[in-house]
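Take a look at the structure set out below.
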Amino acid sequence: MKYIDNLPSMDLMRSEKMMFAQLIIPVESAHRAISYLGELGLLQFRDLNDDKSPFQRTFVNQVKRCAEMSRKLRFFKDQIHKAGLMPSPHPVSQPDIELEELEIRLAEHEHELIEMNGNSEKLQQTYNELLEFKMVLQKAGDFLVPGESHSEETELDENVYTNNDYSDTVSLLEQEMQPGPSNQSGVKFISGIICKSKVLRFERMLFRATRGNMLFNQAPAGDRILDRASNEMVQKTVFVVFFSGEQARKKILKICEAFGANCYPIPEDTTKRRQITREVLSRLSELETTLDAGLHHRDAALTSIGFQLTKWMNMVRREKAIYDTLNMLNFDVTKKCLVGEGWCPVFAKTKIQEALQRATFDSNSQMGIIFHVMDSVEPPPTYFRTNHFTNAYQEIVDAYGVAKYQEANPAVYTIVTFPFLFAVMFGDWGHGICLLLGALILIAREKRLGSQKLGSFMEMLFGGRYVLLMMSLFSIYCGLIYNEFFSVPFHIFGTSAYKCRDATCSDARSVGLVKYRDTYPFGVDPSWRGSRSELPFLNSLKMKMSILFGVAQMNLGIVLSYFNARYFSSSLDIKYQFVPQMIFLNSLFGFQGRAYGILGTSDIYNDEEPDSARHPHESHNEEFNFSEVFVHQMIHSIEFVLGAVSNTASYLRLWALSLAHSELSTVFYEKVLLLAWGYDNFIIRLVGLAVFSFATAFILLMMETLSAFLHALRLHWVEFQNKFYSGDGYKFRPFSFASLTDDDD
Amino acid sequence: MYGFEALTFNIHGGYLEAIVRGYRSGLLTAADYNNLCQCETLDDIKMHLSATEYGPYLQNEPSPLHTTTIVEKCTLKLVDEYKHMLAQATEPLSTFLEYITYGHMIDNVVLIVTGTLHERDVQELLEKCHPLGMFDSIATLAVAQNMRELYRLVLVDTPLAPYFSECITSEDLDDMNIEIMRNTLYKAYLEDFYRFCQKLGGATAEIMSDLLAFEADRRAVNITINSIGTELTRDDRRKLYSNFGLLYPYGHEELAVCEDIDQVRAAMEKYPPYQSIFSKLSYGESQMLDKAFYEEEVKRLCLAFEQQFHYGVFFAYMRLREQEIRNLMWISECVAQNQKSRVHDSVVFIF
């Protein structure tokens with residue numbers, strides 16, 4: 001026992017010792033103190049104003065101002081994005097500015113931008129209208145022009161055109177219309193432009209409204225034009241409607257309005273039209289230069305904002321976080337100090353005190369900040385100090401449940417057992433090398449990948465890069481033991497211990513080989529490959545091995561429960577939980593071993609049913625009168641008894657998955673690659689190679705990795721951790737600037 | 001096949017049912033309403049809402065806010081959710097979802113036509129329309145002079161066309177006519193929706209017939225109360241009642257001859273489900289009737305979520321969200337006009 005107590009402490013084994021502290025901060029240094037604490041990032045504040053809604057808190061106005069500023073910043077970002085500029089990632093170093101100053105500057109910038117946008121919008125609109133007018137003039141003019149030329153001829157010879165069907169109608173109408181839209185015959189026209197997508201419905205509606213007494217001509221406008229409603233570039237169509245009557249005119253105008261069609265009057269007179277076209281064109285070119293100048297000006301303004309945008313955003317985000325934290329604090333009775341409570345790790349005490357002193361000094365406060373440790377009713381948070389390597393393993397454990405405060409942390413063992421159990425299922429050193437290369441690439445690019453945003457899948461892969469590394473190393477190791485390289489055995493550690501009975505080797509597959517020298521030094525003898533007894537031998541090996549691993553890991557779990565009980569000095573748990581569990585599991589395992597010896601090849605599942613009833617678990621619950629404790633312990637005991645059997649059986653998945661993996665890779669190797677190589681045809685070989693490599697990459701390297709990963713995960717979460725891990729703690733979430741992510745992206 | 005939806009429902013409806021139940025859990029809770037009712041300014045409301053699912057819709061709104069902005073943005077969220085569901089839906093769920101919007105379509109048609117009658121600007125009217133009830137040529141409604149034109153020009157292209165068969169007259173449009181048109185359309189719509197749900201069968205038919213019957217009965221009561229003292233004849237009034245629901249047919253006979261609110265009350269109290277609603281009101285009072293009906297409706301809509309494998313949840317969700325938006329509008333109005341004492345008058349808590 002002494003020996004155990006004197007072992008060096010493992011960092012990751014127990015979560016950091018925490019303490020509950022109270023801070024009494026004078027108002028004048030509060031902001032600075034909180035900001036220094038945020039930089040330090042080792043104190044988790046408790047919300048003392050839980051009962052208050054967000055707008056009843058003390059610093060609600062500051063929070064609102066920050067929200068308003070970040071809204072403005074988002075607006076700038078949006079504008080910069082729309083203008084096609086990139087906010088510069090490396091902010092130009094500028095002197096730090098105060099929040100108040102920033103607020104004013106942001107308001108100025110926003111005002112300026114909105115004004116510029118408004119101006120350019122107005123110009124853009126005029127420009128659009130002119131552009132549309134130009135198109136209407138050009139296209140609609142085409143409808144009118146042939147009419148004119150025809151009309152002169154019609155006067156000479158009216159019969160010529162009466163037989164023409166379509167163009168005739170146009171010309172006749174044009175002819176009638178010649179003297180002007182308000183002539184006695186009453187045929188008038190309206191010309192305009194409309195979105196291409198609406199033309200069909202527009203025409204139908206016109207037809208219905210005028211009961212067919214109209215003529216609709218259309219021509220696609222050449223360029224795309226900005227649509228006012230949707231702010232997108234759309235295809236538009238120029239139309240001319242001919243109709244008669246004042247009623248119809250009103251209706252058509254209303255319909256035009258309803259469909260968002262812009263009507264432009266055009267004179268029928270060609271010379272007038274040419275004159276107007278010229279005017280429009282000259283105004284267009286004028287406007288274009290003005291617009292360009294405006295755009296240039298705006299881009300310049302946006303670029304200058306873009307230089308500082310990232311910095312400003314960070315600043316506002318920090319300020320908001322500070323005020324959010326300040327809102328968690330209470331005023332004391334004198335209203336001169338803010339009182340805060342929170343958790344921090346014991347080791348951070350001096351650092352926090354230093355930061356607080358610095359804050360007092362920097363803000364020239366008369367009063368120092370009081371920091372003292374208190375007792376707390378609620379359980380402390382769990383905090384593990386992890387590094388790049390251990391982080392992913394801790395994540396695996398945390399995904400199941402965050403450890404109770406100071407409880408034994410399974411992540412310590414998971415670092416080795418997880419990749420190892422994975423590799424038992426994924427044992428192939430060829431595949432292992434492929435995984436290793438992948439992991440190495442991820443690790444080599446760690447710096448670059450860590451700073452950029454990745455997709456959800458890549459993020460996962462990158463986060464687990466060290467898990468992947470260990471998994472690949474272990475699969476190379478297990479692959480060497482299984483002696484499989486893409487399912488092919490190699491004579492790496494010397495020659496096989498077996499040889500053929502005679503030189504012809506004809507009966508090797510039917511009768512077998514003879515052993516002529518010492519056992520193969522490491523792993524499975526390559527001669528087992530393809531032999532008659534290969535499967536029975538490997539099955540027996542892997543099955544027994546997985547049970548052994550399982551029992552060993554479960555024993556480790558129970559031993560950890562002993563350490564937990566010792567740590568929390570609960571001798572009851574040792575006497576009545578750890579000891580009986582140990583005895584039960586190992587006697588059950590002993591029985592299984594014996595049964596296996598007698599029954600030989602019988603399936604392990606069959607042995608277990610009578611077994612569970614034969615070992616009455618030493619029930620220790622009678623001494624408790626509390627029915628709740630009794631029921632709880634009862635359930636616990638039953639669960640353990642059943643679990644001992646089913647969990648042991650559960651470890652057989654190691655065998656099953658490993659068998660499946662090796663069989664699958666054998667199939668791909670023999671039935672695809674070797675089959676294709678049997679032909680003396682380049683194309684067949686190429687196809688065979690392609691199919692083999694795709695199958696290896698997608699089925700074996702991706703799907704199988706995933707399934708082996710999930711099974712290893714399950715073995716850890718369920719079979720290992722349920723022996724000792726309660727996992728009902730909560731994580732330590734310190735107030736830290738580093739953890740502020742840009743959530744608005 | 002009643003009772004066997006569990007076998008096949010999830011093939012097409014499972015995903016969307018999960019989605020809609022997720023949306024439903026985002027509805028504001030009583031705690032939210034309590035906090036909202038304590039707000040002093042519209043900015044406070046925005047701040048509170050930014051912690052709810054409305055957050056992303058309101059976060060880019062500059063202060064000072066207006067009630068209309070809040071309502072608009074909240075409605076936008078509903079519309080986005082609806083569009084998402086509609087895009088994911090397959091038959092017959094997509095038709096079911098479309099049916100939900102027809103009510104808004106009728107309201108929009110009436111709004112535009114009434115507005116044009118009183119010579120309002122069409123653009124202004126369009127902004128007031130509910131976005132769920134928009135259709136392509138809605139702006140063209142302004143062109144029509146009478147019902148026949150209305151139908152022939154515009155509505156023939158919309159899903160409302162079949163409902164119009166009863167009200168095609170050449171009469172000019174006036175307020176009375178439009179109101180009758182609205183109710184006739186609504187009657188035809190509710191009956192059609194009811195038939196459609198019956199055709200779907202199973203739990204959908206069971207739950208939707210209950211919800212729609214309640215809707216029909218509520219409309220019948222409202223028509224009666226609103227038509228007391230107008231020149232609408234008894235027979236005309238009788239014609240506006242939907243031909244299903246708890247009140248059909250005997251309750252309708254009684255409602256048709258009612259001359260004042262107490263007679264309506266007497267007629268309604270014969271029906272146990274409505275007795276509780278009327279028992280909350282004092283005699284001769286009709287202002288609080290709307291709220292009482294809304295409360296009853298919300299209760300029924302919430303119950304629709306208790307059963308699985310039916311389309312009623314979509315209808316219920318849309319209605320609950322609309323109620324929530326009405327609540328938000330009322331709260332914001334009260335806050336904006338400094339009438340906080342009246343804030344509880346019209347808010348219907350959903351949970």
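FYI, nothing fancy with the structure tokens labels: chains A, B, ... in order, residues from 1 per chain, ligands from 1 as they appear.
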
Proximal residues of chain A relative to chain B (only C-alpha atoms; 8 Å) as a PyMOL selection string: chain A and resi 53-55+64+68+71+74-75+205+208-209+251+254-255+258-259

Okay, now the selection with N, CA, C and O atoms, as a short mmCIF file (atom, residue, chain, number, x, y, z; two decimals), in the first residue's frame?
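Ended up saving to selection28.cif:
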```
data_model
loop_
_atom_site.label_atom_id
_atom_site.label_comp_id
_atom_site.auth_asym_id
_atom_site.auth_seq_id
_atom_site.Cartn_x
_atom_site.Cartn_y
_atom_site.Cartn_z
N SER A 53 -33.06 38.83 -16.26
CA SER A 53 -33.03 38.66 -17.71
C SER A 53 -31.94 39.58 -18.27
O SER A 53 -31.52 40.52 -17.60
N PRO A 54 -31.48 39.30 -19.49
CA PRO A 54 -30.31 40.02 -19.99
C PRO A 54 -30.41 41.54 -19.94
O PRO A 54 -29.40 42.22 -19.74
N PHE A 55 -31.62 42.10 -20.09
CA PHE A 55 -31.67 43.56 -20.15
C PHE A 55 -31.86 44.20 -18.79
O PHE A 55 -31.99 45.41 -18.68
N LYS A 64 -25.17 46.36 -25.31
CA LYS A 64 -25.94 46.79 -26.48
C LYS A 64 -25.06 47.57 -27.45
O LYS A 64 -25.15 47.39 -28.66
N GLU A 68 -24.23 46.69 -31.24
CA GLU A 68 -24.46 47.64 -32.33
C GLU A 68 -23.19 47.80 -33.16
O GLU A 68 -23.22 47.82 -34.39
N ARG A 71 -22.66 44.88 -35.26
CA ARG A 71 -23.57 44.92 -36.40
C ARG A 71 -22.98 45.79 -37.51
O ARG A 71 -22.97 45.42 -38.67
N ARG A 74 -20.23 43.95 -39.14
CA ARG A 74 -20.76 42.94 -40.07
C ARG A 74 -21.21 43.60 -41.37
O ARG A 74 -21.01 43.06 -42.46
N PHE A 75 -21.78 44.79 -41.21
CA PHE A 75 -22.23 45.53 -42.39
C PHE A 75 -21.03 45.85 -43.29
O PHE A 75 -21.07 45.64 -44.51
N MET A 205 -51.99 37.90 -69.43
CA MET A 205 -52.82 38.81 -68.64
C MET A 205 -53.34 39.94 -69.52
O MET A 205 -54.52 40.31 -69.45
N ARG A 208 -56.13 38.65 -71.68
CA ARG A 208 -57.38 38.48 -70.93
C ARG A 208 -58.03 39.83 -70.65
O ARG A 208 -59.23 40.00 -70.80
N ALA A 209 -57.20 40.79 -70.22
CA ALA A 209 -57.74 42.07 -69.78
C ALA A 209 -58.37 42.83 -70.94
O ALA A 209 -59.36 43.52 -70.77
N LYS A 251 -56.13 49.96 -68.18
CA LYS A 251 -55.91 48.59 -67.72
C LYS A 251 -54.47 48.15 -67.98
O LYS A 251 -53.81 47.58 -67.11
N LYS A 254 -52.03 49.64 -65.68
CA LYS A 254 -52.10 49.03 -64.35
C LYS A 254 -51.39 47.67 -64.35
O LYS A 254 -50.69 47.31 -63.39
N ILE A 255 -51.64 46.93 -65.41
CA ILE A 255 -51.01 45.60 -65.48
C ILE A 255 -49.49 45.75 -65.56
O ILE A 255 -48.75 45.00 -64.91
N ALA A 258 -48.30 46.37 -62.21
CA ALA A 258 -48.39 45.17 -61.37
C ALA A 258 -47.25 44.20 -61.67
O ALA A 258 -46.77 43.51 -60.79
N PHE A 259 -46.84 44.14 -62.92
CA PHE A 259 -45.79 43.20 -63.30
C PHE A 259 -44.40 43.81 -63.19
O PHE A 259 -43.43 43.16 -63.54
#
```

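Non-sequential neighbours of Ala107 of chain A (distance at most 12 Å, separation of 6 or more positions within a chain, only C-alpha atoms) are Arg65, Glu68, Met69, Ser70, Arg71, Lys72, Leu73, Phe75, Phe76, Glu100, Glu101, Leu113 and Ile114 of chain A; Pro62 of chain B.
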
Near-Tyr186 of chain B list (10 Å; only C-alpha atoms; drop same-chain fewer than 2 positions) as an NGL selection string: :B and (102-103 or 106-107 or 160 or 163-164 or 180-184 or 188-192 or 216 or 219 or 240-242)

Next, the residues of the selection above should be written as a short mmCIF file (atom, residue, chain, number, x, y, z; two decimals), in the first residue's frame with C-alpha atoms.
```cif
data_model
loop_
_atom_site.label_atom_id
_atom_site.label_comp_id
_atom_site.auth_asym_id
_atom_site.auth_seq_id
_atom_site.Cartn_x
_atom_site.Cartn_y
_atom_site.Cartn_z
CA TYR B 102 -54.57 29.22 -49.04
CA GLY B 103 -56.10 30.98 -46.07
CA ILE B 106 -57.71 34.59 -49.51
CA ASP B 107 -56.83 37.25 -46.95
CA LEU B 160 -58.24 29.59 -55.31
CA TYR B 163 -63.47 28.13 -54.62
CA PHE B 164 -64.71 31.00 -56.67
CA ILE B 180 -69.17 37.97 -48.39
CA MET B 181 -66.63 36.88 -50.98
CA ARG B 182 -64.02 36.35 -48.29
CA ASN B 183 -66.33 34.18 -46.27
CA THR B 184 -67.59 32.23 -49.25
CA ALA B 188 -65.10 26.56 -49.86
CA TYR B 189 -61.44 26.41 -48.82
CA LEU B 190 -62.14 24.86 -45.44
CA GLU B 191 -64.48 22.30 -46.97
CA ASP B 192 -61.94 21.44 -49.62
CA ALA B 216 -65.12 26.24 -39.12
CA ARG B 219 -65.72 31.24 -38.22
CA LEU B 240 -71.62 31.31 -45.31
CA TYR B 241 -71.29 28.57 -42.69
CA SER B 242 -69.05 25.66 -43.65
#
```

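Atom CA of Ser209 of chain B is positioned 6.3 Å from atom CA of Tyr194 of chain B.
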
Contact residues around Lys139 of chain A with only C-alpha atoms at 12 Å, ignoring same-chain residues under 3 positions, as a PyMOL selection string: chain A and resi 132-136+142-145+191-193+217-222+236-240+266+273+277

Go ahead and write the selection's residues with C-alpha atoms as a tab-separated table (two decimals), in the first residue's frame.
```
chain	number	residue	atom	x	y	z
A	132	GLU	CA	-33.67	50.43	-70.54
A	133	PHE	CA	-34.88	53.41	-72.46
A	134	LYS	CA	-32.06	52.95	-74.91
A	135	MET	CA	-32.97	49.33	-75.45
A	136	VAL	CA	-36.63	50.13	-75.84
A	142	ASP	CA	-37.52	48.00	-85.07
A	143	PHE	CA	-41.20	47.15	-84.73
A	144	LEU	CA	-42.15	50.56	-85.89
A	145	VAL	CA	-39.60	51.08	-88.64
A	191	SER	CA	-43.77	50.31	-75.17
A	192	GLY	CA	-41.64	49.20	-72.31
A	193	ILE	CA	-39.35	46.59	-70.88
A	217	ASN	CA	-44.67	42.35	-79.94
A	218	GLN	CA	-41.52	41.43	-78.11
A	219	ALA	CA	-37.81	41.26	-78.66
A	220	PRO	CA	-35.11	40.18	-76.22
A	221	ALA	CA	-32.97	43.00	-74.94
A	222	GLY	CA	-29.32	42.38	-75.61
A	236	LYS	CA	-35.16	41.53	-70.01
A	237	THR	CA	-37.48	41.70	-72.94
A	238	VAL	CA	-38.63	44.77	-74.79
A	239	PHE	CA	-42.31	44.80	-75.71
A	240	VAL	CA	-44.72	46.95	-77.66
A	266	ILE	CA	-41.16	56.54	-77.78
A	273	ARG	CA	-36.30	58.88	-82.23
A	277	THR	CA	-31.37	58.01	-78.88
```

Using only C-alpha atoms, which protein or nucleic acid residues come within 10 Å of Met315 of chain A? Drop anything in the same chain fewer than 2 positions from it, and give the result as a CSV table (one decimal) with all heavy atoms, in the first residue's frame.
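After the write, selection23.csv holds the following:
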```csv
chain,number,residue,atom,x,y,z
A,66,CYS,N,-21.9,47.3,-27.8
A,66,CYS,CA,-21.0,46.3,-28.5
A,66,CYS,C,-21.7,45.6,-29.6
A,66,CYS,O,-21.2,45.4,-30.7
A,66,CYS,CB,-20.4,45.3,-27.5
A,66,CYS,SG,-19.2,46.1,-26.4
A,70,SER,N,-20.8,45.6,-33.4
A,70,SER,CA,-20.5,44.4,-34.3
A,70,SER,C,-21.5,44.3,-35.4
A,70,SER,O,-21.1,43.8,-36.5
A,70,SER,CB,-20.5,43.1,-33.4
A,70,SER,OG,-21.7,43.0,-32.7
A,96,ASP,N,-3.4,51.6,-30.9
A,96,ASP,CA,-4.6,51.1,-30.3
A,96,ASP,C,-5.5,52.3,-30.0
A,96,ASP,O,-5.1,53.4,-29.7
A,96,ASP,CB,-4.3,50.4,-29.0
A,96,ASP,CG,-3.7,49.1,-29.2
A,96,ASP,OD1,-3.9,48.6,-30.4
A,96,ASP,OD2,-3.0,48.6,-28.3
A,97,ILE,N,-6.8,52.1,-30.2
A,97,ILE,CA,-7.7,53.2,-30.0
A,97,ILE,C,-8.7,52.7,-28.9
A,97,ILE,O,-9.0,51.5,-28.7
A,97,ILE,CB,-8.5,53.6,-31.2
A,97,ILE,CG1,-9.1,52.4,-32.0
A,97,ILE,CG2,-7.6,54.4,-32.1
A,97,ILE,CD1,-10.0,52.8,-33.0
A,98,GLU,N,-9.3,53.7,-28.2
A,98,GLU,CA,-10.3,53.4,-27.2
A,98,GLU,C,-11.6,52.9,-27.8
A,98,GLU,O,-11.9,53.2,-29.0
A,98,GLU,CB,-10.5,54.6,-26.4
A,98,GLU,CG,-9.3,54.9,-25.4
A,98,GLU,CD,-9.2,53.9,-24.4
A,98,GLU,OE1,-10.1,53.5,-23.7
A,98,GLU,OE2,-8.0,53.3,-24.2
A,99,LEU,N,-12.4,52.3,-27.0
A,99,LEU,CA,-13.7,51.8,-27.5
A,99,LEU,C,-14.6,52.9,-27.9
A,99,LEU,O,-15.2,52.9,-29.0
A,99,LEU,CB,-14.3,50.9,-26.4
A,99,LEU,CG,-15.5,50.1,-26.9
A,99,LEU,CD1,-14.9,49.0,-27.8
A,99,LEU,CD2,-16.2,49.5,-25.8
A,102,LEU,N,-13.5,54.2,-31.2
A,102,LEU,CA,-13.9,53.3,-32.2
A,102,LEU,C,-15.3,53.4,-32.6
A,102,LEU,O,-15.7,53.4,-33.7
A,102,LEU,CB,-13.6,51.8,-31.7
A,102,LEU,CG,-13.9,50.7,-32.7
A,102,LEU,CD1,-13.1,50.8,-34.0
A,102,LEU,CD2,-13.7,49.4,-32.1
A,309,LEU,N,-10.3,45.9,-40.3
A,309,LEU,CA,-11.6,45.2,-39.9
A,309,LEU,C,-11.4,44.1,-38.9
A,309,LEU,O,-12.0,44.0,-37.9
A,309,LEU,CB,-12.3,44.7,-41.2
A,309,LEU,CG,-13.7,44.3,-41.0
A,309,LEU,CD1,-14.5,45.6,-40.7
A,309,LEU,CD2,-14.3,43.7,-42.2
A,310,THR,N,-10.4,43.2,-39.2
A,310,THR,CA,-10.2,42.1,-38.3
A,310,THR,C,-9.8,42.5,-36.9
A,310,THR,O,-10.3,42.0,-35.9
A,310,THR,CB,-9.0,41.2,-38.9
A,310,THR,OG1,-8.9,41.5,-40.3
A,310,THR,CG2,-9.3,39.8,-38.7
A,311,LYS,N,-9.0,43.5,-36.9
A,311,LYS,CA,-8.6,44.0,-35.5
A,311,LYS,C,-9.8,44.6,-34.8
A,311,LYS,O,-10.0,44.3,-33.6
A,311,LYS,CB,-7.5,45.1,-35.7
A,311,LYS,CG,-6.8,45.5,-34.5
A,311,LYS,CD,-5.8,46.6,-34.8
A,311,LYS,CE,-5.5,47.4,-33.6
A,311,LYS,NZ,-4.9,48.7,-33.9
A,312,TRP,N,-10.5,45.4,-35.5
A,312,TRP,CA,-11.7,46.0,-34.8
A,312,TRP,C,-12.7,44.9,-34.3
A,312,TRP,O,-13.2,45.0,-33.3
A,312,TRP,CB,-12.4,46.9,-35.8
A,312,TRP,CG,-11.7,48.2,-36.0
A,312,TRP,CD1,-10.6,48.7,-35.2
A,312,TRP,CD2,-11.9,49.2,-37.0
A,312,TRP,NE1,-10.2,49.9,-35.7
A,312,TRP,CE2,-11.0,50.2,-36.8
A,312,TRP,CE3,-12.9,49.3,-38.0
A,312,TRP,CZ2,-11.0,51.3,-37.6
A,312,TRP,CZ3,-12.8,50.4,-38.8
A,312,TRP,CH2,-11.9,51.4,-38.6
A,313,MET,N,-12.9,43.9,-35.2
A,313,MET,CA,-13.8,42.9,-34.8
A,313,MET,C,-13.4,42.2,-33.6
A,313,MET,O,-14.1,41.9,-32.7
A,313,MET,CB,-14.0,41.9,-36.0
A,313,MET,CG,-14.8,42.4,-37.1
A,313,MET,SD,-15.0,41.1,-38.3
A,313,MET,CE,-16.8,41.0,-38.4
A,317,ARG,N,-15.3,42.1,-30.1
A,317,ARG,CA,-15.7,40.8,-29.5
A,317,ARG,C,-15.2,40.7,-28.1
A,317,ARG,O,-15.9,40.2,-27.2
A,317,ARG,CB,-15.1,39.7,-30.4
A,317,ARG,CG,-15.9,38.4,-30.4
A,317,ARG,CD,-15.3,37.4,-31.4
A,317,ARG,NE,-15.5,37.8,-32.7
A,317,ARG,CZ,-14.6,37.7,-33.7
A,317,ARG,NH1,-13.4,37.3,-33.4
A,317,ARG,NH2,-14.9,38.1,-34.9
A,318,ARG,N,-13.9,41.1,-27.9
A,318,ARG,CA,-13.4,41.1,-26.5
A,318,ARG,C,-14.2,42.0,-25.5
A,318,ARG,O,-14.5,41.5,-24.4
A,318,ARG,CB,-11.9,41.6,-26.6
A,318,ARG,CG,-10.9,40.6,-26.9
A,318,ARG,CD,-9.6,41.2,-27.1
A,318,ARG,NE,-8.6,40.2,-27.3
A,318,ARG,CZ,-7.5,40.2,-26.6
A,318,ARG,NH1,-7.2,41.1,-25.7
A,318,ARG,NH2,-6.6,39.2,-26.7
A,319,GLU,N,-14.5,43.2,-26.0
A,319,GLU,CA,-15.2,44.1,-25.1
A,319,GLU,C,-16.5,43.5,-24.7
A,319,GLU,O,-16.9,43.5,-23.6
A,319,GLU,CB,-15.4,45.4,-25.9
A,319,GLU,CG,-14.2,46.3,-26.0
A,319,GLU,CD,-13.7,46.7,-24.6
A,319,GLU,OE1,-14.5,47.0,-23.7
A,319,GLU,OE2,-12.5,46.8,-24.4
A,320,LYS,N,-17.2,42.9,-25.7
A,320,LYS,CA,-18.5,42.3,-25.4
A,320,LYS,C,-18.3,41.2,-24.4
A,320,LYS,O,-19.1,41.1,-23.5
A,320,LYS,CB,-19.1,41.8,-26.7
A,320,LYS,CG,-20.5,41.3,-26.5
A,320,LYS,CD,-21.3,41.2,-27.8
A,320,LYS,CE,-22.7,40.8,-27.6
A,320,LYS,NZ,-22.8,39.4,-27.1
A,321,ALA,N,-17.3,40.4,-24.6
A,321,ALA,CA,-17.1,39.3,-23.6
A,321,ALA,C,-16.8,39.8,-22.2
A,321,ALA,O,-17.3,39.3,-21.2
A,321,ALA,CB,-15.9,38.4,-24.1
```

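Take the candidates A:Gly294, A:Gly141, A:Pro26, A:Pro381 and check each one against Lys122 of chain A using only C-alpha atoms; the shortest distance goes to A:Gly294.
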
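Atom CA of Thr101 of chain B sits 23.5 Å away from atom CA of Arg148 of chain B.
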
Within 12 Å of Ile331 of chain B using only C-alpha atoms, minus same-chain residues under 2 positions, as a PyMOL selection string: chain B and resi 32-42+44-46+67+70-71+324-329+333-348

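Using only C-alpha atoms, the shortest contact distance between Ile277 of chain B and any of B:Phe4, B:Tyr15, B:Tyr82, B:Phe293 is found at B:Phe293.
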
Alpha helix (DSSP H) per DSSP on the backbone: members of segment 16-145 of chain B, as a ChimeraX atom specification: /B:16-24,30-37,42-49,55-58,67-88,93-117,122-128

Distance query Arg283 of chain A at most 12 Å, only C-alpha atoms, self and fewer than 6 positions along chain excluded, as a PyMOL selection string: chain A and resi 123+126-131+133-134+276-277+289-290
